[in-house]
$ cat entry_8.pdb   # PDB, C-alpha atoms
ATOM      1  CA  GLU S  81      22.689  68.104 286.812
ATOM      2  CA  ASN S  82      22.167  71.802 286.085
ATOM      3  CA  ASN S  83      24.003  74.803 287.473
ATOM      4  CA  GLN S  84      21.076  76.661 289.000
ATOM      5  CA  ASP S  85      23.038  79.819 289.818
ATOM      6  CA  CYS S  86      22.567  82.686 287.399
ATOM      7  CA  PRO S  87      24.717  85.839 287.623
ATOM      8  CA  LEU S  88      24.085  89.128 285.821
ATOM      9  CA  ILE S  89      26.117  92.296 285.370
ATOM     10  CA  ILE S  90      24.780  95.257 283.390
ATOM     11  CA  GLU S  91      27.271  98.105 283.069
ATOM     12  CA  ASN S  92      25.936 101.507 282.018
ATOM     13  CA  ALA S  93      22.319 100.327 282.149
ATOM     14  CA  CYS S  94      20.022 102.092 279.661
ATOM     15  CA  GLY S  95      23.179 103.599 278.147
ATOM     16  CA  ILE S  96      23.683 105.764 281.238
ATOM     17  CA  LYS S  97      27.253 106.112 282.485
ATOM     18  CA  ASN S  98      27.775 105.154 286.151
ATOM     19  CA  TYR S  99      24.471 103.291 286.357
ATOM     20  CA  ASN S 100      25.321  99.632 286.923
ATOM     21  CA  ILE S 101      23.212  96.643 287.956
ATOM     22  CA  TYR S 102      24.695  93.537 289.612
ATOM     23  CA  SER S 103      22.617  90.483 290.434
ATOM     24  CA  ILE S 104      22.771  86.810 291.381
ATOM     25  CA  MET S 105      19.890  84.354 291.284
ATOM     26  CA  ASP S 106      20.302  80.960 292.981
ATOM     27  CA  GLY S 107      17.663  78.471 291.893
ATOM     28  CA  HIS S 108      16.486  75.405 293.802
ATOM     29  CA  GLY S 109      14.132  72.535 293.084
ATOM     30  CA  SER S 110      13.894  70.554 289.860
ATOM     31  CA  ASN S 111      13.202  73.670 287.775
ATOM     32  CA  GLY S 112      15.366  76.065 289.766
ATOM     33  CA  HIS S 113      17.665  76.791 286.819
ATOM     34  CA  LEU S 114      14.629  77.806 284.734
ATOM     35  CA  VAL S 115      13.331  80.105 287.471
ATOM     36  CA  SER S 116      16.705  81.829 287.974
ATOM     37  CA  ASN S 117      17.140  82.419 284.237
ATOM     38  CA  PHE S 118      13.552  83.654 283.959
ATOM     39  CA  ILE S 119      14.276  86.283 286.626
ATOM     40  CA  LYS S 120      17.516  87.277 284.893
ATOM     41  CA  ASP S 121      15.744  87.814 281.572
ATOM     42  CA  ASN S 122      13.147  90.004 283.236
ATOM     43  CA  ILE S 123      15.717  92.106 285.120
ATOM     44  CA  ILE S 124      17.232  92.920 281.735
ATOM     45  CA  LYS S 125      13.793  93.548 280.199
ATOM     46  CA  TYR S 126      12.639  95.886 282.966
ATOM     47  CA  PHE S 127      15.631  97.689 284.432
ATOM     48  CA  ASN S 128      17.694  98.050 281.236
ATOM     49  CA  ASP S 129      14.840  99.842 279.480
ATOM     50  CA  ILE S 130      14.563 103.602 280.045
ATOM     51  CA  THR S 131      10.774 103.475 279.567
ATOM     52  CA  PHE S 132      10.538 101.483 282.820
ATOM     53  CA  TYR S 133      11.600 104.649 284.656
ATOM     54  CA  PHE S 134      10.085 107.297 282.395
ATOM     55  CA  LYS S 135       7.014 106.153 280.459
ATOM     56  CA  LYS S 136       6.914 109.292 278.325
ATOM     57  CA  ILE S 137      10.278 108.535 276.723
ATOM     58  CA  LYS S 138       9.751 106.563 273.522
ATOM     59  CA  PRO S 139      13.144 105.890 271.930
ATOM     60  CA  LYS S 140      13.136 105.568 268.162
ATOM     61  CA  GLU S 141      15.095 102.822 266.465
ATOM     62  CA  LYS S 142      18.749 103.561 265.661
ATOM     63  CA  THR S 143      18.650 106.847 267.557
ATOM     64  CA  SER S 144      20.436 107.576 270.810
ATOM     65  CA  ILE S 145      18.745 109.385 273.675
ATOM     66  CA  ILE S 146      20.338 112.543 275.001
ATOM     67  CA  TYR S 147      19.868 112.423 278.766
ATOM     68  CA  PRO S 148      19.902 115.465 281.056
ATOM     69  CA  GLU S 149      22.986 115.972 283.205
ATOM     70  CA  ASN S 150      21.084 114.972 286.353
ATOM     71  CA  ILE S 151      19.817 111.672 284.901
ATOM     72  CA  LEU S 152      21.404 109.644 287.732
ATOM     73  CA  ASP S 153      19.531 111.718 290.311
ATOM     74  CA  LEU S 154      16.306 111.207 288.392
ATOM     75  CA  ILE S 155      16.838 107.426 288.173
ATOM     76  CA  LEU S 156      17.605 107.281 291.909
ATOM     77  CA  LYS S 157      14.435 109.209 292.736
ATOM     78  CA  LYS S 158      12.361 106.816 290.637
ATOM     79  CA  LEU S 159      13.840 103.754 292.352
ATOM     80  CA  ILE S 160      13.439 105.028 295.926
ATOM     81  CA  LYS S 161      10.066 106.754 295.403
ATOM     82  CA  ASN S 162       7.224 105.597 297.673
ATOM     83  CA  ASP S 163       9.484 103.319 299.708
ATOM     84  CA  TYR S 164      11.064 101.616 296.660
ATOM     85  CA  GLN S 165       7.677 100.745 295.154
ATOM     86  CA  LYS S 166       8.994 100.163 291.614
ATOM     87  CA  ILE S 167      11.488  97.598 292.877
ATOM     88  CA  LYS S 168       8.949  95.864 295.101
ATOM     89  CA  ASP S 169       6.511  95.736 292.185
ATOM     90  CA  PHE S 170       9.150  94.048 290.041
ATOM     91  CA  TYR S 171       9.721  91.251 292.558
ATOM     92  CA  LYS S 172       5.977  90.747 292.942
ATOM     93  CA  GLU S 173       5.250  90.811 289.217
ATOM     94  CA  VAL S 174       8.034  88.449 288.181
ATOM     95  CA  ASP S 175       6.836  86.029 290.859
ATOM     96  CA  GLU S 176       3.254  86.235 289.606
ATOM     97  CA  MET S 177       4.398  85.812 286.001
ATOM     98  CA  LEU S 178       5.706  82.347 286.857
ATOM     99  CA  SER S 179       2.070  81.257 287.220
ATOM    100  CA  SER S 180       1.016  82.540 283.792
ATOM    101  CA  LYS S 181       0.070  80.240 280.940
ATOM    102  CA  GLU S 182       3.027  81.507 278.898
ATOM    103  CA  VAL S 183       5.503  79.937 281.347
ATOM    104  CA  LEU S 184       5.927  76.292 280.372
ATOM    105  CA  PHE S 185       7.560  74.982 283.558
ATOM    106  CA  ASP S 186       6.235  74.345 287.041
ATOM    107  CA  SER S 187       7.290  76.449 290.043
ATOM    108  CA  ASN S 188       5.201  74.848 292.787
ATOM    109  CA  PHE S 189       8.307  73.288 294.337
ATOM    110  CA  SER S 190      10.977  75.284 292.483
ATOM    111  CA  GLY S 191      12.179  78.818 293.030
ATOM    112  CA  SER S 192      15.145  81.141 293.296
ATOM    113  CA  THR S 193      16.824  83.755 295.414
ATOM    114  CA  CYS S 194      17.282  87.178 293.825
ATOM    115  CA  ILE S 195      19.726  89.800 295.029
ATOM    116  CA  ILE S 196      20.066  92.973 292.956
ATOM    117  CA  ILE S 197      22.520  95.796 293.614
ATOM    118  CA  PHE S 198      21.796  99.056 291.806
ATOM    119  CA  GLN S 199      24.854 101.327 291.652
ATOM    120  CA  VAL S 200      23.474 104.751 290.786
ATOM    121  CA  GLY S 201      26.457 107.084 290.800
ATOM    122  CA  ASN S 202      27.665 107.119 294.405
ATOM    123  CA  ASN S 203      24.563 105.377 295.733
ATOM    124  CA  LEU S 204      23.909 101.677 296.227
ATOM    125  CA  ILE S 205      20.436 100.199 296.503
ATOM    126  CA  SER S 206      20.606  96.612 297.726
ATOM    127  CA  CYS S 207      17.498  94.455 297.194
ATOM    128  CA  ASN S 208      17.473  90.907 298.492
ATOM    129  CA  VAL S 209      15.178  87.900 298.561
ATOM    130  CA  GLY S 210      16.741  84.696 299.910
ATOM    131  CA  ASP S 211      20.189  83.755 301.158
ATOM    132  CA  SER S 212      22.579  85.061 298.551
ATOM    133  CA  ARG S 213      24.742  87.772 300.114
ATOM    134  CA  ALA S 214      26.461  91.052 299.207
ATOM    135  CA  LEU S 215      29.266  92.965 300.925
ATOM    136  CA  LEU S 216      30.899  96.367 300.518
ATOM    137  CA  ILE S 217      34.592  96.471 301.433
ATOM    138  CA  LYS S 218      36.311  99.729 302.322
ATOM    139  CA  GLU S 219      39.939 100.767 301.812
ATOM    140  CA  ASN S 220      40.679 100.116 305.504
ATOM    141  CA  LYS S 221      39.241  96.565 305.126
ATOM    142  CA  GLU S 222      36.012  97.499 306.884
ATOM    143  CA  ILE S 223      33.194  95.164 305.837
ATOM    144  CA  ILE S 224      29.676  96.530 305.388
ATOM    145  CA  GLU S 225      26.926  93.972 304.918
ATOM    146  CA  LEU S 226      24.712  95.043 302.021
ATOM    147  CA  SER S 227      22.185  92.292 302.719
ATOM    148  CA  HIS S 228      21.012  89.889 305.393
ATOM    149  CA  ASP S 229      20.512  86.170 304.824
ATOM    150  CA  GLN S 230      16.802  85.394 305.054
ATOM    151  CA  LYS S 231      16.682  82.107 306.938
ATOM    152  CA  PRO S 232      13.599  80.413 308.449
ATOM    153  CA  ASP S 233      15.040  80.476 311.977
ATOM    154  CA  ASN S 234      15.520  84.268 311.956
ATOM    155  CA  GLU S 235      13.160  85.512 314.677
ATOM    156  CA  ASN S 236      10.924  87.774 312.575
ATOM    157  CA  GLU S 237      10.882  85.413 309.612
ATOM    158  CA  LYS S 238      10.018  82.435 311.809
ATOM    159  CA  LYS S 239       7.170  84.349 313.472
ATOM    160  CA  ARG S 240       5.574  85.159 310.106
ATOM    161  CA  ILE S 241       5.895  81.575 308.884
ATOM    162  CA  GLU S 242       4.381  80.088 312.040
ATOM    163  CA  GLU S 243       1.508  82.594 311.942
ATOM    164  CA  MET S 244       0.786  81.337 308.407
ATOM    165  CA  GLY S 245       0.692  77.726 309.613
ATOM    166  CA  GLY S 246       4.208  76.696 308.598
ATOM    167  CA  ILE S 247       6.602  74.676 310.720
ATOM    168  CA  VAL S 248      10.272  75.630 311.086
ATOM    169  CA  SER S 249      12.606  72.796 312.049
ATOM    170  CA  GLN S 250      15.746  71.005 310.992
ATOM    171  CA  CYS S 251      15.611  68.004 308.713
ATOM    172  CA  ASN S 252      13.878  64.904 310.068
ATOM    173  CA  ASP S 253      16.742  62.703 308.889
ATOM    174  CA  LEU S 254      18.921  61.774 311.862
ATOM    175  CA  TYR S 255      22.681  61.681 311.854
ATOM    176  CA  ASP S 256      24.588  58.642 313.139
ATOM    177  CA  ASP S 257      24.775  60.178 316.604
ATOM    178  CA  GLY S 258      20.982  60.411 316.769
ATOM    179  CA  LYS S 259      20.827  64.206 316.564
ATOM    180  CA  ILE S 260      18.639  66.144 314.165
ATOM    181  CA  GLY S 261      20.846  68.262 311.917
ATOM    182  CA  GLY S 262      21.152  70.284 308.757
ATOM    183  CA  PRO S 263      19.748  73.739 308.024
ATOM    184  CA  PHE S 264      16.416  74.921 309.377
ATOM    185  CA  ARG S 265      13.686  74.352 306.797
ATOM    186  CA  ILE S 266      10.019  75.194 306.331
ATOM    187  CA  TRP S 267       7.395  72.439 306.312
ATOM    188  CA  ILE S 268       3.649  72.107 306.009
ATOM    189  CA  LYS S 269       2.368  70.761 309.311
ATOM    190  CA  GLY S 270       2.264  66.960 309.233
ATOM    191  CA  CYS S 271       4.044  66.772 305.845
ATOM    192  CA  ASP S 272       7.597  66.189 304.669
ATOM    193  CA  TYR S 273       7.513  69.067 302.156
ATOM    194  CA  PRO S 274       8.333  71.666 300.859
ATOM    195  CA  GLY S 275      11.507  71.717 303.020
ATOM    196  CA  ILE S 276      12.690  75.083 301.702
ATOM    197  CA  ALA S 277      15.732  76.457 303.546
ATOM    198  CA  MET S 278      15.027  80.173 303.045
ATOM    199  CA  SER S 279      12.171  82.369 304.214
ATOM    200  CA  ARG S 280      11.847  84.529 301.085
ATOM    201  CA  SER S 281      12.044  83.525 297.440
ATOM    202  CA  ILE S 282      10.605  83.939 293.972
ATOM    203  CA  GLY S 283       8.611  80.907 292.824
ATOM    204  CA  ASP S 284       7.935  78.160 295.407
ATOM    205  CA  LYS S 285       4.153  78.500 295.126
ATOM    206  CA  ILE S 286       3.466  75.826 297.739
ATOM    207  CA  ALA S 287       5.819  77.476 300.251
ATOM    208  CA  HIS S 288       4.195  80.868 299.624
ATOM    209  CA  GLY S 289       1.069  79.441 301.226
ATOM    210  CA  ILE S 290       2.886  79.003 304.547
ATOM    211  CA  GLY S 291       4.665  82.322 304.929
ATOM    212  CA  VAL S 292       7.477  82.364 302.365
ATOM    213  CA  ILE S 293       7.227  85.772 300.667
ATOM    214  CA  ASN S 294       8.643  87.505 297.590
ATOM    215  CA  GLU S 295       9.057  90.956 299.191
ATOM    216  CA  PRO S 296      12.711  92.062 299.162
ATOM    217  CA  GLU S 297      14.652  93.667 301.968
ATOM    218  CA  ILE S 298      15.847  96.967 300.459
ATOM    219  CA  LEU S 299      18.719  99.004 301.908
ATOM    220  CA  LEU S 300      20.349 102.240 300.750
ATOM    221  CA  PHE S 301      24.079 102.943 301.056
ATOM    222  CA  ASN S 302      26.458 105.711 300.025
ATOM    223  CA  LEU S 303      29.766 105.086 298.270
ATOM    224  CA  ASP S 304      32.638 107.303 299.395
ATOM    225  CA  GLU S 305      36.227 107.579 298.213
ATOM    226  CA  ASN S 306      37.202 104.731 300.563
ATOM    227  CA  SER S 307      34.724 102.249 299.033
ATOM    228  CA  LYS S 308      36.812  99.674 297.175
ATOM    229  CA  TYR S 309      34.980  96.426 296.366
ATOM    230  CA  ILE S 310      31.501  94.976 296.070
ATOM    231  CA  ILE S 311      31.199  91.223 296.618
ATOM    232  CA  ILE S 312      28.066  89.247 295.717
ATOM    233  CA  GLY S 313      27.856  85.482 296.205
ATOM    234  CA  SER S 314      25.310  82.696 296.105
ATOM    235  CA  ASP S 315      24.987  80.631 299.279
ATOM    236  CA  GLY S 316      27.515  78.151 297.893
ATOM    237  CA  VAL S 317      30.143  80.763 298.765
ATOM    238  CA  TRP S 318      28.872  81.414 302.288
ATOM    239  CA  GLN S 319      28.067  77.883 303.426
ATOM    240  CA  TYR S 320      31.575  77.331 304.798
ATOM    241  CA  LEU S 321      33.303  80.690 304.232
ATOM    242  CA  ASN S 322      32.482  83.779 306.304
ATOM    243  CA  ASN S 323      32.933  87.469 305.539
ATOM    244  CA  ILE S 324      36.434  87.562 307.040
ATOM    245  CA  ASP S 325      37.488  84.533 304.981
ATOM    246  CA  ILE S 326      36.492  86.378 301.822
ATOM    247  CA  LEU S 327      38.371  89.507 302.918
ATOM    248  CA  ASP S 328      41.516  87.476 303.607
ATOM    249  CA  ILE S 329      41.309  85.798 300.200
ATOM    250  CA  ILE S 330      40.888  89.107 298.361
ATOM    251  CA  TYR S 331      43.847  90.814 299.977
ATOM    252  CA  ASP S 332      46.073  87.735 299.946
ATOM    253  CA  GLU S 333      45.443  87.128 296.253
ATOM    254  CA  ASN S 334      45.868  90.789 295.384
ATOM    255  CA  LYS S 335      49.412  90.695 296.773
ATOM    256  CA  GLU S 336      50.283  88.394 293.906
ATOM    257  CA  LYS S 337      48.129  89.877 291.181
ATOM    258  CA  GLU S 338      46.735  93.264 292.141
ATOM    259  CA  ASN S 339      43.161  93.996 291.066
ATOM    260  CA  SER S 340      42.713  90.802 289.057
ATOM    261  CA  LYS S 341      39.008  90.127 289.392
ATOM    262  CA  GLU S 342      39.164  86.772 287.657
ATOM    263  CA  TYR S 343      42.061  85.571 289.834
ATOM    264  CA  VAL S 344      40.259  86.508 293.061
ATOM    265  CA  CYS S 345      36.982  84.928 291.937
ATOM    266  CA  LYS S 346      38.647  81.642 291.000
ATOM    267  CA  SER S 347      40.398  81.566 294.377
ATOM    268  CA  ILE S 348      37.139  82.107 296.285
ATOM    269  CA  VAL S 349      35.321  79.418 294.281
ATOM    270  CA  SER S 350      38.226  76.986 294.698
ATOM    271  CA  LYS S 351      38.368  77.444 298.472
ATOM    272  CA  ALA S 352      34.586  77.265 298.865
ATOM    273  CA  LYS S 353      34.557  74.024 296.854
ATOM    274  CA  LYS S 354      37.369  72.577 298.968
ATOM    275  CA  LYS S 355      35.362  73.289 302.143
ATOM    276  CA  PHE S 356      32.346  71.468 300.712
ATOM    277  CA  ILE S 357      34.473  68.424 299.899
ATOM    278  CA  GLU S 358      35.862  68.429 303.440
ATOM    279  CA  ASN S 359      32.517  68.915 305.203
ATOM    280  CA  ASP S 360      29.675  67.692 303.031
ATOM    281  CA  GLU S 361      28.487  64.904 300.752
ATOM    282  CA  TYR S 362      28.038  67.207 297.777
ATOM    283  CA  VAL S 363      29.272  70.524 296.383
ATOM    284  CA  ASP S 364      26.653  73.238 295.948
ATOM    285  CA  ASP S 365      26.639  75.605 292.976
ATOM    286  CA  ILE S 366      29.099  78.419 293.741
ATOM    287  CA  THR S 367      28.900  81.845 292.114
ATOM    288  CA  ILE S 368      30.845  85.011 292.996
ATOM    289  CA  SER S 369      30.815  88.505 291.513
ATOM    290  CA  PHE S 370      33.746  90.751 292.440
ATOM    291  CA  ILE S 371      33.333  94.409 291.476
ATOM    292  CA  ILE S 372      36.158  96.911 291.759
ATOM    293  CA  ILE S 373      34.547 100.308 292.372
ATOM    294  CA  GLN S 374      35.673 102.995 289.945
ATOM    295  CA  HIS S 375      35.909 106.547 291.296
TER     296      HIS S 375
END
$ encode --input "entry_8.pdb" --output "structure tokens"
Amino acid sequence: ENNQDCPLIIENACGIKNYNIYSIMDGHGSNGHLVSNFIKDNIIKYFNDITFYFKKIKPKEKTSIIYPENILDLILKKLIKNDYQKIKDFYKEVDEMLSSKEVLFDSNFSGSTCIIIFQVGNNLISCNVGDSRALLIKENKEIIELSHDQKPDNENEKKRIEEMGGIVSQCNDLYDDGKIGGPFRIWIKGCDYPGIAMSRSIGDKIAHGIGVINEPEILLFNLDENSKYIIIGSDGVWQYLNNIDILDIIYDENKEKENSKEYVCKSIVSKAKKKFIENDEYVDDITISFIIIQH
């Protein structure tokens, strides 16, 4: 009934040119849309406030801050310092905040993915929890994966979950041919819940007790003159379309209408939706962000 996907684009964050933040949250569970929007609000609150990076700066109302010429380098150093501790702290804190008395909705069985891409000048910091996905596409059509889908059947993820007492298996519902099917999910031993289909998330308090964690995978990349596009999509995009499918759509559509972000996005959503109709009983929420890199 609710679109639980929640995209966010902040251009020139904190009023700093060439500092951009791109994010997608994909909620799940009955309150998933509330969790994803809660995360979005806090990304804006934290990362679009210069005092988050430099506590000594206290901007006065109706006055602009004059930043030093190397402000992008300073921001980058703050974000990567101590193995990206500021970013990791954000994911942990926003997860913990969902349990506070001020939050008026339950997150025991509801949660969200959260992928954030920080573009700091010519540097990309990709931070991911869950199974939303981001790609960097080069001029020569080379695809660089900016994130990895965090699924329960991934070897390292599965090991952690099983060590915490969780069970990883496909759905217990049988198809007509008698085979167990569907995505791998996480269960409490002897129970038919929580059934979460990702190994990391924000929220999902019950699943956190059996190995689902809120710690993001964080990767650093460099943008060069051949870097052309950034693609970020919720799992509704990737369920039936792969990276090559997305590349083909981008370049096919651009032949007709070069560099039209809206045109490309609508084409990707339309084709992802068509695949759901052909292969599934329902259509998942589908969200795509298509960023043309400015040099």
$ residues_around --input "entry_8.pdb" --residues "Lys166 of chain S" --least-positions-apart "2" --cutoff "12 Å" --atoms "only C-alpha atoms" --output "list in words"
Tyr126, Phe127, Phe132, Tyr133, Phe134, Ile155, Leu156, Lys157, Lys158, Leu159, Ile160, Lys161, Asn162, Asp163, Tyr164, Lys168, Asp169, Phe170, Tyr171, Lys172, Glu173, Cys207, Glu295, Pro296 and Ile298 of chain S
$ resolve_selection --input "entry_8.pdb" --expression "the PyMOL selection byres ((chain S and resi 240-242) around 12)" --output "PyMOL selection string"
chain S and resi 231-239+243-249+265-269+276+278-280+287-293
$ resolve_selection --input "entry_8.pdb" --expression "the PyMOL selection byres ((chain S and resi 196-204) around 7)" --output "number ranges by chain"
S: 98-104, 152, 156, 194-195, 205-208, 300-303
$ resolve_selection --input "entry_8.pdb" --expression "the PyMOL selection byres ((chain S and resi 365) around 10)" --output "VMD selection string"
chain S and resid 82 to 86 106 to 107 314 to 317 349 353 362 to 364 366 to 367
$ closest_residue --input "entry_8.pdb" --among "S:Ser369, S:Ser281, S:Ser227, S:Ser212" --to "Val174 of chain S" --atoms "all atoms listed in the file"
S:Ser281
$ atom_distance --input "entry_8.pdb" --atom1 "atom CA of Tyr309 of chain S" --atom2 "atom CA of Leu215 of chain S"
8.1 Å
$ atom_distance --input "entry_8.pdb" --atom1 "atom CA of Asn128 of chain S" --atom2 "atom CA of Ile90 of chain S"
7.9 Å
$ atom_distance --input "entry_8.pdb" --atom1 "atom CA of Gln230 of chain S" --atom2 "atom CA of Gln319 of chain S"
13.6 Å
$ closest_residue --input "entry_8.pdb" --among "S:Cys251, S:Leu321, S:Ile372, S:Ile329" --to "Ala352 of chain S" --atoms "all atoms listed in the file"
S:Leu321
$ closest_residue --input "entry_8.pdb" --among "S:Gly210, S:Gly283, S:Gly95, S:Pro87" --to "Asn188 of chain S" --atoms "all atoms listed in the file"
S:Gly283
$ residues_near_point --input "entry_8.pdb" --point "(11.8, 82.3, 292.4)" --cutoff "10 Å" --atoms "all atoms listed in the file" --output "PyMOL selection string"
chain S and resi 105-108+111-119+171+174-176+178+187-194+209-210+280-285+294
$ closest_residue --input "entry_8.pdb" --among "S:Glu182, S:Ile123, S:Glu222, S:Lys136" --to "Ile310 of chain S" --atoms "all atoms listed in the file"
S:Glu222
$ closest_residue --input "entry_8.pdb" --among "S:Asn150, S:Ile96, S:Leu299, S:Ile217" --to "Ile167 of chain S" --atoms "all atoms listed in the file"
S:Leu299
$ axis_aligned_box --input "entry_8.pdb" --around "segment 223-230 of chain S" --padding-each-side "5 Å" --output "lines of an AutoDock Vina configuration file"
center_x = 25.0
center_y = 91.0
center_z = 303.9
size_x = 26.4
size_y = 21.1
size_z = 13.8
$ build_atoms --input "entry_8.pdb" --residues "segment 160-176 of chain S" --atoms "N, CA, C and O atoms" --output "PDB file, in the coordinates of the input"
ATOM      1  N   ILE S 160      13.714 104.954 294.487  1.00  0.00           N
ATOM      2  CA  ILE S 160      13.439 105.028 295.926  1.00  0.00           C
ATOM      3  C   ILE S 160      12.054 105.605 296.227  1.00  0.00           C
ATOM      4  O   ILE S 160      11.608 105.552 297.371  1.00  0.00           O
ATOM      5  N   LYS S 161      11.363 106.106 295.198  1.00  0.00           N
ATOM      6  CA  LYS S 161      10.066 106.754 295.403  1.00  0.00           C
ATOM      7  C   LYS S 161       9.058 105.806 296.060  1.00  0.00           C
ATOM      8  O   LYS S 161       8.995 104.625 295.723  1.00  0.00           O
ATOM      9  N   ASN S 162       8.277 106.361 296.977  1.00  0.00           N
ATOM     10  CA  ASN S 162       7.224 105.597 297.673  1.00  0.00           C
ATOM     11  C   ASN S 162       7.771 104.313 298.291  1.00  0.00           C
ATOM     12  O   ASN S 162       7.207 103.229 298.116  1.00  0.00           O
ATOM     13  N   ASP S 163       8.890 104.453 299.010  1.00  0.00           N
ATOM     14  CA  ASP S 163       9.484 103.319 299.708  1.00  0.00           C
ATOM     15  C   ASP S 163       9.849 102.193 298.731  1.00  0.00           C
ATOM     16  O   ASP S 163       9.510 101.036 298.937  1.00  0.00           O
ATOM     17  N   TYR S 164      10.532 102.572 297.649  1.00  0.00           N
ATOM     18  CA  TYR S 164      11.064 101.616 296.660  1.00  0.00           C
ATOM     19  C   TYR S 164       9.954 100.817 295.960  1.00  0.00           C
ATOM     20  O   TYR S 164      10.129  99.642 295.624  1.00  0.00           O
ATOM     21  N   GLN S 165       8.830 101.476 295.680  1.00  0.00           N
ATOM     22  CA  GLN S 165       7.677 100.745 295.154  1.00  0.00           C
ATOM     23  C   GLN S 165       7.952 100.083 293.802  1.00  0.00           C
ATOM     24  O   GLN S 165       7.494  98.965 293.538  1.00  0.00           O
ATOM     25  N   LYS S 166       8.699 100.752 292.923  1.00  0.00           N
ATOM     26  CA  LYS S 166       8.994 100.163 291.614  1.00  0.00           C
ATOM     27  C   LYS S 166       9.756  98.847 291.752  1.00  0.00           C
ATOM     28  O   LYS S 166       9.494  97.883 291.028  1.00  0.00           O
ATOM     29  N   ILE S 167      10.698  98.812 292.680  1.00  0.00           N
ATOM     30  CA  ILE S 167      11.488  97.598 292.877  1.00  0.00           C
ATOM     31  C   ILE S 167      10.623  96.506 293.481  1.00  0.00           C
ATOM     32  O   ILE S 167      10.668  95.342 293.037  1.00  0.00           O
ATOM     33  N   LYS S 168       9.831  96.848 294.481  1.00  0.00           N
ATOM     34  CA  LYS S 168       8.949  95.864 295.101  1.00  0.00           C
ATOM     35  C   LYS S 168       7.959  95.305 294.085  1.00  0.00           C
ATOM     36  O   LYS S 168       7.664  94.100 294.074  1.00  0.00           O
ATOM     37  N   ASP S 169       7.445  96.181 293.217  1.00  0.00           N
ATOM     38  CA  ASP S 169       6.511  95.736 292.185  1.00  0.00           C
ATOM     39  C   ASP S 169       7.171  94.738 291.236  1.00  0.00           C
ATOM     40  O   ASP S 169       6.537  93.778 290.796  1.00  0.00           O
ATOM     41  N   PHE S 170       8.448  94.981 290.927  1.00  0.00           N
ATOM     42  CA  PHE S 170       9.150  94.048 290.041  1.00  0.00           C
ATOM     43  C   PHE S 170       9.205  92.661 290.650  1.00  0.00           C
ATOM     44  O   PHE S 170       8.885  91.663 289.989  1.00  0.00           O
ATOM     45  N   TYR S 171       9.624  92.564 291.902  1.00  0.00           N
ATOM     46  CA  TYR S 171       9.721  91.251 292.558  1.00  0.00           C
ATOM     47  C   TYR S 171       8.359  90.562 292.584  1.00  0.00           C
ATOM     48  O   TYR S 171       8.254  89.353 292.321  1.00  0.00           O
ATOM     49  N   LYS S 172       7.316  91.322 292.877  1.00  0.00           N
ATOM     50  CA  LYS S 172       5.977  90.747 292.942  1.00  0.00           C
ATOM     51  C   LYS S 172       5.505  90.287 291.567  1.00  0.00           C
ATOM     52  O   LYS S 172       4.972  89.175 291.405  1.00  0.00           O
ATOM     53  N   GLU S 173       5.728  91.124 290.564  1.00  0.00           N
ATOM     54  CA  GLU S 173       5.250  90.811 289.217  1.00  0.00           C
ATOM     55  C   GLU S 173       5.971  89.624 288.603  1.00  0.00           C
ATOM     56  O   GLU S 173       5.353  88.756 287.983  1.00  0.00           O
ATOM     57  N   VAL S 174       7.301  89.565 288.778  1.00  0.00           N
ATOM     58  CA  VAL S 174       8.034  88.449 288.181  1.00  0.00           C
ATOM     59  C   VAL S 174       7.652  87.137 288.868  1.00  0.00           C
ATOM     60  O   VAL S 174       7.594  86.082 288.230  1.00  0.00           O
ATOM     61  N   ASP S 175       7.315  87.210 290.145  1.00  0.00           N
ATOM     62  CA  ASP S 175       6.836  86.029 290.859  1.00  0.00           C
ATOM     63  C   ASP S 175       5.472  85.590 290.316  1.00  0.00           C
ATOM     64  O   ASP S 175       5.231  84.400 290.062  1.00  0.00           O
ATOM     65  N   GLU S 176       4.584  86.549 290.129  1.00  0.00           N
ATOM     66  CA  GLU S 176       3.254  86.235 289.606  1.00  0.00           C
ATOM     67  C   GLU S 176       3.316  85.723 288.173  1.00  0.00           C
ATOM     68  O   GLU S 176       2.518  84.866 287.770  1.00  0.00           O
TER      69      GLU S 176
END
